[in-house]
Amino acid sequence: MFFDFVIQFGSSFITALGFSILYNIPRKTIIPSGITGAIGWTVYFFLTVYLSTAEFLATILASFIIAFVSQMFARKFKTPVIIFTLPGLIPLVPGEAAYNMMRAFVEGNTNLGLQYGTETFLTAGALALGLSINGAVFQLFSSRDLFKRGTKYVP
């Protein structure tokens, strides 16, 4: 079991690290963005394989964790959150389902193409939902004097 996590963590770290280099992010944030992607994929792997969670819910939780870790790294390194979020989400992107969808449509298999298309869009929606929930939570709790002022926090 431990070896599975090491392999999954390492491979997703390398994937996120490669995309960090590809996106030309600052050097001091390359390793943390790789760690962000590795943590997100490991959470997804644990939820789907060991807890038998539905892929949609596992993707939401993993993207929430990615956004949370990205917020922490962004505050530590005083950089924008997107620097850590974008490479962190790369291991979760539904590339295989999108490829299979296009292949099925090209081959004329419409029903299978629609099935893969639904899977692709559900996964993409789950990624967006996890990021949105995290953004809402951080907006709500990020201002420490929110309740002292008695005013609404408007982004």
# chains A, B, ... in the order shown; residues from 1 in each chain; ligands from 1

$ select_by_dssp --residues "chain A" --states "alpha helix (DSSP H)" --output "PyMOL selection string"
chain A and resi 2-22+30-45+55-77+82-89+95-106+110-142+146-149

$ residues_around --residues "A:Ile25" --least-positions-apart "2" --cutoff "12 Å" --atoms "only C-alpha atoms" --output "PyMOL selection string"
chain A and resi 16-23+27-34+79-87

$ residues_around --residues "stretch 111-114 of chain A" --least-positions-apart "3" --cutoff "12 Å" --atoms "only C-alpha atoms" --output "list in words"
Ala97, Ala98, Tyr99, Asn100, Met101, Met102, Arg103, Ala104, Phe105, Val106, Glu107, Gly108, Gly117, Thr118, Glu119, Thr120, Phe121 and Leu122 of chain A

$ write_last_selection --atoms "N, CA and C atoms" --output "PDB file, in the first residue's frame"
ATOM      1  N   ALA A  97     -10.347  10.545 -21.229  1.00  0.00           N
ATOM      2  CA  ALA A  97     -11.768  10.564 -21.594  1.00  0.00           C
ATOM      3  C   ALA A  97     -12.018  11.492 -22.781  1.00  0.00           C
ATOM      4  N   ALA A  98     -11.331  12.619 -22.820  1.00  0.00           N
ATOM      5  CA  ALA A  98     -11.494  13.537 -23.946  1.00  0.00           C
ATOM      6  C   ALA A  98     -10.966  12.921 -25.241  1.00  0.00           C
ATOM      7  N   TYR A  99      -9.825  12.240 -25.141  1.00  0.00           N
ATOM      8  CA  TYR A  99      -9.278  11.559 -26.321  1.00  0.00           C
ATOM      9  C   TYR A  99     -10.223  10.469 -26.814  1.00  0.00           C
ATOM     10  N   ASN A 100     -10.717   9.662 -25.889  1.00  0.00           N
ATOM     11  CA  ASN A 100     -11.641   8.591 -26.268  1.00  0.00           C
ATOM     12  C   ASN A 100     -12.938   9.138 -26.848  1.00  0.00           C
ATOM     13  N   MET A 101     -13.399  10.277 -26.342  1.00  0.00           N
ATOM     14  CA  MET A 101     -14.598  10.909 -26.880  1.00  0.00           C
ATOM     15  C   MET A 101     -14.389  11.312 -28.336  1.00  0.00           C
ATOM     16  N   MET A 102     -13.284  11.986 -28.609  1.00  0.00           N
ATOM     17  CA  MET A 102     -13.008  12.414 -29.977  1.00  0.00           C
ATOM     18  C   MET A 102     -12.803  11.213 -30.900  1.00  0.00           C
ATOM     19  N   ARG A 103     -12.131  10.194 -30.407  1.00  0.00           N
ATOM     20  CA  ARG A 103     -11.906   9.000 -31.219  1.00  0.00           C
ATOM     21  C   ARG A 103     -13.227   8.301 -31.544  1.00  0.00           C
ATOM     22  N   ALA A 104     -14.106   8.206 -30.565  1.00  0.00           N
ATOM     23  CA  ALA A 104     -15.395   7.555 -30.796  1.00  0.00           C
ATOM     24  C   ALA A 104     -16.227   8.339 -31.806  1.00  0.00           C
ATOM     25  N   PHE A 105     -16.214   9.650 -31.714  1.00  0.00           N
ATOM     26  CA  PHE A 105     -16.973  10.466 -32.677  1.00  0.00           C
ATOM     27  C   PHE A 105     -16.395  10.333 -34.089  1.00  0.00           C
ATOM     28  N   VAL A 106     -15.078  10.307 -34.194  1.00  0.00           N
ATOM     29  CA  VAL A 106     -14.447  10.173 -35.504  1.00  0.00           C
ATOM     30  C   VAL A 106     -14.754   8.809 -36.117  1.00  0.00           C
ATOM     31  N   GLU A 107     -14.802   7.788 -35.289  1.00  0.00           N
ATOM     32  CA  GLU A 107     -15.109   6.448 -35.773  1.00  0.00           C
ATOM     33  C   GLU A 107     -16.603   6.239 -36.031  1.00  0.00           C
ATOM     34  N   GLY A 108     -17.422   7.224 -35.682  1.00  0.00           N
ATOM     35  CA  GLY A 108     -18.859   7.136 -35.931  1.00  0.00           C
ATOM     36  C   GLY A 108     -19.657   6.488 -34.820  1.00  0.00           C
ATOM     37  N   GLY A 117     -17.936  11.882 -23.488  1.00  0.00           N
ATOM     38  CA  GLY A 117     -18.117  13.323 -23.367  1.00  0.00           C
ATOM     39  C   GLY A 117     -18.742  13.704 -22.036  1.00  0.00           C
ATOM     40  N   THR A 118     -19.718  12.933 -21.606  1.00  0.00           N
ATOM     41  CA  THR A 118     -20.338  13.185 -20.305  1.00  0.00           C
ATOM     42  C   THR A 118     -19.318  13.029 -19.186  1.00  0.00           C
ATOM     43  N   GLU A 119     -18.509  11.985 -19.269  1.00  0.00           N
ATOM     44  CA  GLU A 119     -17.464  11.769 -18.264  1.00  0.00           C
ATOM     45  C   GLU A 119     -16.464  12.931 -18.248  1.00  0.00           C
ATOM     46  N   THR A 120     -16.088  13.394 -19.433  1.00  0.00           N
ATOM     47  CA  THR A 120     -15.133  14.498 -19.533  1.00  0.00           C
ATOM     48  C   THR A 120     -15.692  15.773 -18.914  1.00  0.00           C
ATOM     49  N   PHE A 121     -16.922  16.103 -19.265  1.00  0.00           N
ATOM     50  CA  PHE A 121     -17.503  17.347 -18.759  1.00  0.00           C
ATOM     51  C   PHE A 121     -17.848  17.268 -17.283  1.00  0.00           C
ATOM     52  N   LEU A 122     -18.208  16.100 -16.784  1.00  0.00           N
ATOM     53  CA  LEU A 122     -18.444  15.951 -15.348  1.00  0.00           C
ATOM     54  C   LEU A 122     -17.150  16.127 -14.565  1.00  0.00           C
TER      55      LEU A 122
END

$ residues_around --residues "A:Ala58" --least-positions-apart "5" --cutoff "8 Å" --atoms "only C-alpha atoms" --output "list in words"
Val43, Tyr44, Leu47, Thr48 and Thr53 of chain A

$ write_last_selection --atoms "N, CA, C and O atoms" --output "mmCIF file, in the first residue's frame"
data_model
loop_
_atom_site.group_PDB
_atom_site.id
_atom_site.type_symbol
_atom_site.label_atom_id
_atom_site.label_comp_id
_atom_site.auth_asym_id
_atom_site.auth_seq_id
_atom_site.Cartn_x
_atom_site.Cartn_y
_atom_site.Cartn_z
ATOM 1 N N VAL A 43 -4.549 12.356 -3.075
ATOM 2 C CA VAL A 43 -5.873 12.385 -2.440
ATOM 3 C C VAL A 43 -6.895 11.712 -3.348
ATOM 4 O O VAL A 43 -7.699 10.886 -2.902
ATOM 5 N N TYR A 44 -6.874 12.052 -4.629
ATOM 6 C CA TYR A 44 -7.797 11.441 -5.587
ATOM 7 C C TYR A 44 -7.584 9.926 -5.659
ATOM 8 O O TYR A 44 -8.550 9.149 -5.636
ATOM 9 N N LEU A 47 -8.916 8.219 -2.471
ATOM 10 C CA LEU A 47 -10.379 8.195 -2.401
ATOM 11 C C LEU A 47 -10.984 7.204 -3.387
ATOM 12 O O LEU A 47 -11.938 6.499 -3.051
ATOM 13 N N THR A 48 -10.453 7.134 -4.595
ATOM 14 C CA THR A 48 -11.051 6.251 -5.598
ATOM 15 C C THR A 48 -10.654 4.793 -5.414
ATOM 16 O O THR A 48 -11.487 3.900 -5.553
ATOM 17 N N THR A 53 -14.671 5.772 -3.492
ATOM 18 C CA THR A 53 -15.501 6.959 -3.643
ATOM 19 C C THR A 53 -15.784 7.177 -5.123
ATOM 20 O O THR A 53 -14.964 6.847 -5.974
#

$ closest_residue --among "A:Asn109, A:Asn134, A:Gln115, A:Thr15" --to "A:Val69" --atoms "only C-alpha atoms"
A:Asn134

$ atom_distance --atom1 "atom CA of A:Thr42" --atom2 "atom CA of A:Gly10"
9.5 Å

$ residues_around --residues "A:Gln8" --least-positions-apart "3" --cutoff "12 Å" --atoms "only C-alpha atoms" --output "list in words"
Met1, Phe2, Phe3, Asp4, Phe5, Ser11, Ser12, Phe13, Ile14, Thr15, Ile35, Gly37, Ala38, Ile39, Gly40, Trp41, Thr42, Val43, Tyr44, Phe45, Phe46, Val49 and Pro91 of chain A

$ decode --residues "stretch 77-113 of chain A" --atoms "N, CA, C and O atoms" --output "mmCIF file, in the first residue's frame"
data_model
loop_
_atom_site.group_PDB
_atom_site.id
_atom_site.type_symbol
_atom_site.label_atom_id
_atom_site.label_comp_id
_atom_site.auth_asym_id
_atom_site.auth_seq_id
_atom_site.Cartn_x
_atom_site.Cartn_y
_atom_site.Cartn_z
ATOM 1 N N PHE A 77 4.857 32.184 -0.275
ATOM 2 C CA PHE A 77 5.791 32.716 -1.261
ATOM 3 C C PHE A 77 5.401 34.096 -1.793
ATOM 4 O O PHE A 77 6.090 34.638 -2.642
ATOM 5 N N LYS A 78 4.263 34.615 -1.330
ATOM 6 C CA LYS A 78 3.766 35.931 -1.753
ATOM 7 C C LYS A 78 3.671 36.034 -3.277
ATOM 8 O O LYS A 78 4.195 36.956 -3.897
ATOM 9 N N THR A 79 3.006 35.041 -3.854
ATOM 10 C CA THR A 79 2.797 34.979 -5.296
ATOM 11 C C THR A 79 1.315 34.713 -5.561
ATOM 12 O O THR A 79 0.586 34.328 -4.654
ATOM 13 N N PRO A 80 0.860 34.879 -6.793
ATOM 14 C CA PRO A 80 -0.541 34.572 -7.107
ATOM 15 C C PRO A 80 -0.851 33.082 -6.943
ATOM 16 O O PRO A 80 0.008 32.222 -7.156
ATOM 17 N N VAL A 81 -2.069 32.795 -6.593
ATOM 18 C CA VAL A 81 -2.503 31.419 -6.350
ATOM 19 C C VAL A 81 -2.441 30.578 -7.620
ATOM 20 O O VAL A 81 -2.147 29.382 -7.564
ATOM 21 N N ILE A 82 -2.692 31.179 -8.762
ATOM 22 C CA ILE A 82 -2.756 30.441 -10.022
ATOM 23 C C ILE A 82 -1.434 29.751 -10.346
ATOM 24 O O ILE A 82 -1.416 28.739 -11.044
ATOM 25 N N ILE A 83 -0.330 30.274 -9.822
ATOM 26 C CA ILE A 83 0.987 29.678 -10.063
ATOM 27 C C ILE A 83 1.035 28.256 -9.523
ATOM 28 O O ILE A 83 1.680 27.385 -10.104
ATOM 29 N N PHE A 84 0.343 27.998 -8.434
ATOM 30 C CA PHE A 84 0.337 26.661 -7.848
ATOM 31 C C PHE A 84 -0.879 25.850 -8.284
ATOM 32 O O PHE A 84 -0.809 24.627 -8.371
ATOM 33 N N THR A 85 -1.982 26.514 -8.556
ATOM 34 C CA THR A 85 -3.216 25.808 -8.886
ATOM 35 C C THR A 85 -3.159 25.156 -10.256
ATOM 36 O O THR A 85 -3.541 23.991 -10.414
ATOM 37 N N LEU A 86 -2.701 25.880 -11.244
ATOM 38 C CA LEU A 86 -2.708 25.357 -12.609
ATOM 39 C C LEU A 86 -1.858 24.101 -12.768
ATOM 40 O O LEU A 86 -2.359 23.081 -13.247
ATOM 41 N N PRO A 87 -0.589 24.105 -12.361
ATOM 42 C CA PRO A 87 0.163 22.845 -12.455
ATOM 43 C C PRO A 87 -0.385 21.762 -11.524
ATOM 44 O O PRO A 87 -0.276 20.577 -11.816
ATOM 45 N N GLY A 88 -0.991 22.168 -10.424
ATOM 46 C CA GLY A 88 -1.551 21.195 -9.493
ATOM 47 C C GLY A 88 -2.749 20.444 -10.056
ATOM 48 O O GLY A 88 -2.993 19.290 -9.711
ATOM 49 N N LEU A 89 -3.504 21.092 -10.918
ATOM 50 C CA LEU A 89 -4.685 20.456 -11.499
ATOM 51 C C LEU A 89 -4.369 19.557 -12.688
ATOM 52 O O LEU A 89 -5.205 18.744 -13.080
ATOM 53 N N ILE A 90 -3.205 19.698 -13.261
ATOM 54 C CA ILE A 90 -2.862 18.949 -14.472
ATOM 55 C C ILE A 90 -3.006 17.431 -14.307
ATOM 56 O O ILE A 90 -3.559 16.774 -15.190
ATOM 57 N N PRO A 91 -2.558 16.835 -13.204
ATOM 58 C CA PRO A 91 -2.744 15.380 -13.097
ATOM 59 C C PRO A 91 -4.215 14.940 -13.059
ATOM 60 O O PRO A 91 -4.523 13.794 -13.371
ATOM 61 N N LEU A 92 -5.120 15.830 -12.708
ATOM 62 C CA LEU A 92 -6.536 15.471 -12.618
ATOM 63 C C LEU A 92 -7.325 15.736 -13.899
ATOM 64 O O LEU A 92 -8.495 15.365 -13.991
ATOM 65 N N VAL A 93 -6.706 16.381 -14.872
ATOM 66 C CA VAL A 93 -7.410 16.720 -16.112
ATOM 67 C C VAL A 93 -7.803 15.435 -16.844
ATOM 68 O O VAL A 93 -6.983 14.533 -17.001
ATOM 69 N N PRO A 94 -9.054 15.347 -17.310
ATOM 70 C CA PRO A 94 -9.543 14.105 -17.931
ATOM 71 C C PRO A 94 -9.101 13.953 -19.389
ATOM 72 O O PRO A 94 -9.912 13.939 -20.314
ATOM 73 N N GLY A 95 -7.821 13.822 -19.624
ATOM 74 C CA GLY A 95 -7.297 13.732 -20.982
ATOM 75 C C GLY A 95 -7.671 12.456 -21.693
ATOM 76 O O GLY A 95 -7.996 12.468 -22.887
ATOM 77 N N GLU A 96 -7.661 11.337 -20.976
ATOM 78 C CA GLU A 96 -7.998 10.064 -21.601
ATOM 79 C C GLU A 96 -9.453 10.044 -22.053
ATOM 80 O O GLU A 96 -9.761 9.592 -23.165
ATOM 81 N N ALA A 97 -10.347 10.545 -21.229
ATOM 82 C CA ALA A 97 -11.768 10.564 -21.594
ATOM 83 C C ALA A 97 -12.018 11.492 -22.781
ATOM 84 O O ALA A 97 -12.821 11.165 -23.673
ATOM 85 N N ALA A 98 -11.331 12.619 -22.820
ATOM 86 C CA ALA A 98 -11.494 13.537 -23.946
ATOM 87 C C ALA A 98 -10.966 12.921 -25.241
ATOM 88 O O ALA A 98 -11.584 13.054 -26.307
ATOM 89 N N TYR A 99 -9.825 12.240 -25.141
ATOM 90 C CA TYR A 99 -9.278 11.559 -26.321
ATOM 91 C C TYR A 99 -10.223 10.469 -26.814
ATOM 92 O O TYR A 99 -10.499 10.363 -28.015
ATOM 93 N N ASN A 100 -10.717 9.662 -25.889
ATOM 94 C CA ASN A 100 -11.641 8.591 -26.268
ATOM 95 C C ASN A 100 -12.938 9.138 -26.848
ATOM 96 O O ASN A 100 -13.524 8.529 -27.747
ATOM 97 N N MET A 101 -13.399 10.277 -26.342
ATOM 98 C CA MET A 101 -14.598 10.909 -26.880
ATOM 99 C C MET A 101 -14.389 11.312 -28.336
ATOM 100 O O MET A 101 -15.206 10.978 -29.206
ATOM 101 N N MET A 102 -13.284 11.986 -28.609
ATOM 102 C CA MET A 102 -13.008 12.414 -29.977
ATOM 103 C C MET A 102 -12.803 11.213 -30.900
ATOM 104 O O MET A 102 -13.283 11.208 -32.041
ATOM 105 N N ARG A 103 -12.131 10.194 -30.407
ATOM 106 C CA ARG A 103 -11.906 9.000 -31.219
ATOM 107 C C ARG A 103 -13.227 8.301 -31.544
ATOM 108 O O ARG A 103 -13.445 7.861 -32.676
ATOM 109 N N ALA A 104 -14.106 8.206 -30.565
ATOM 110 C CA ALA A 104 -15.395 7.555 -30.796
ATOM 111 C C ALA A 104 -16.227 8.339 -31.806
ATOM 112 O O ALA A 104 -16.876 7.745 -32.683
ATOM 113 N N PHE A 105 -16.214 9.650 -31.714
ATOM 114 C CA PHE A 105 -16.973 10.466 -32.677
ATOM 115 C C PHE A 105 -16.395 10.333 -34.089
ATOM 116 O O PHE A 105 -17.140 10.252 -35.068
ATOM 117 N N VAL A 106 -15.078 10.307 -34.194
ATOM 118 C CA VAL A 106 -14.447 10.173 -35.504
ATOM 119 C C VAL A 106 -14.754 8.809 -36.117
ATOM 120 O O VAL A 106 -14.975 8.695 -37.329
ATOM 121 N N GLU A 107 -14.802 7.788 -35.289
ATOM 122 C CA GLU A 107 -15.109 6.448 -35.773
ATOM 123 C C GLU A 107 -16.603 6.239 -36.031
ATOM 124 O O GLU A 107 -16.999 5.195 -36.522
ATOM 125 N N GLY A 108 -17.422 7.224 -35.682
ATOM 126 C CA GLY A 108 -18.859 7.136 -35.931
ATOM 127 C C GLY A 108 -19.657 6.488 -34.820
ATOM 128 O O GLY A 108 -20.847 6.229 -34.981
ATOM 129 N N ASN A 109 -19.049 6.243 -33.690
ATOM 130 C CA ASN A 109 -19.728 5.636 -32.555
ATOM 131 C C ASN A 109 -20.256 6.749 -31.643
ATOM 132 O O ASN A 109 -19.629 7.121 -30.659
ATOM 133 N N THR A 110 -21.420 7.271 -31.970
ATOM 134 C CA THR A 110 -21.964 8.435 -31.286
ATOM 135 C C THR A 110 -22.312 8.147 -29.834
ATOM 136 O O THR A 110 -22.051 8.975 -28.953
ATOM 137 N N ASN A 111 -22.905 7.000 -29.561
ATOM 138 C CA ASN A 111 -23.302 6.690 -28.183
ATOM 139 C C ASN A 111 -22.098 6.615 -27.250
ATOM 140 O O ASN A 111 -22.128 7.156 -26.136
ATOM 141 N N LEU A 112 -21.042 5.942 -27.688
ATOM 142 C CA LEU A 112 -19.837 5.856 -26.873
ATOM 143 C C LEU A 112 -19.185 7.234 -26.733
ATOM 144 O O LEU A 112 -18.686 7.586 -25.661
ATOM 145 N N GLY A 113 -19.217 8.018 -27.805
ATOM 146 C CA GLY A 113 -18.673 9.375 -27.749
ATOM 147 C C GLY A 113 -19.415 10.243 -26.744
ATOM 148 O O GLY A 113 -18.808 11.019 -26.013
#
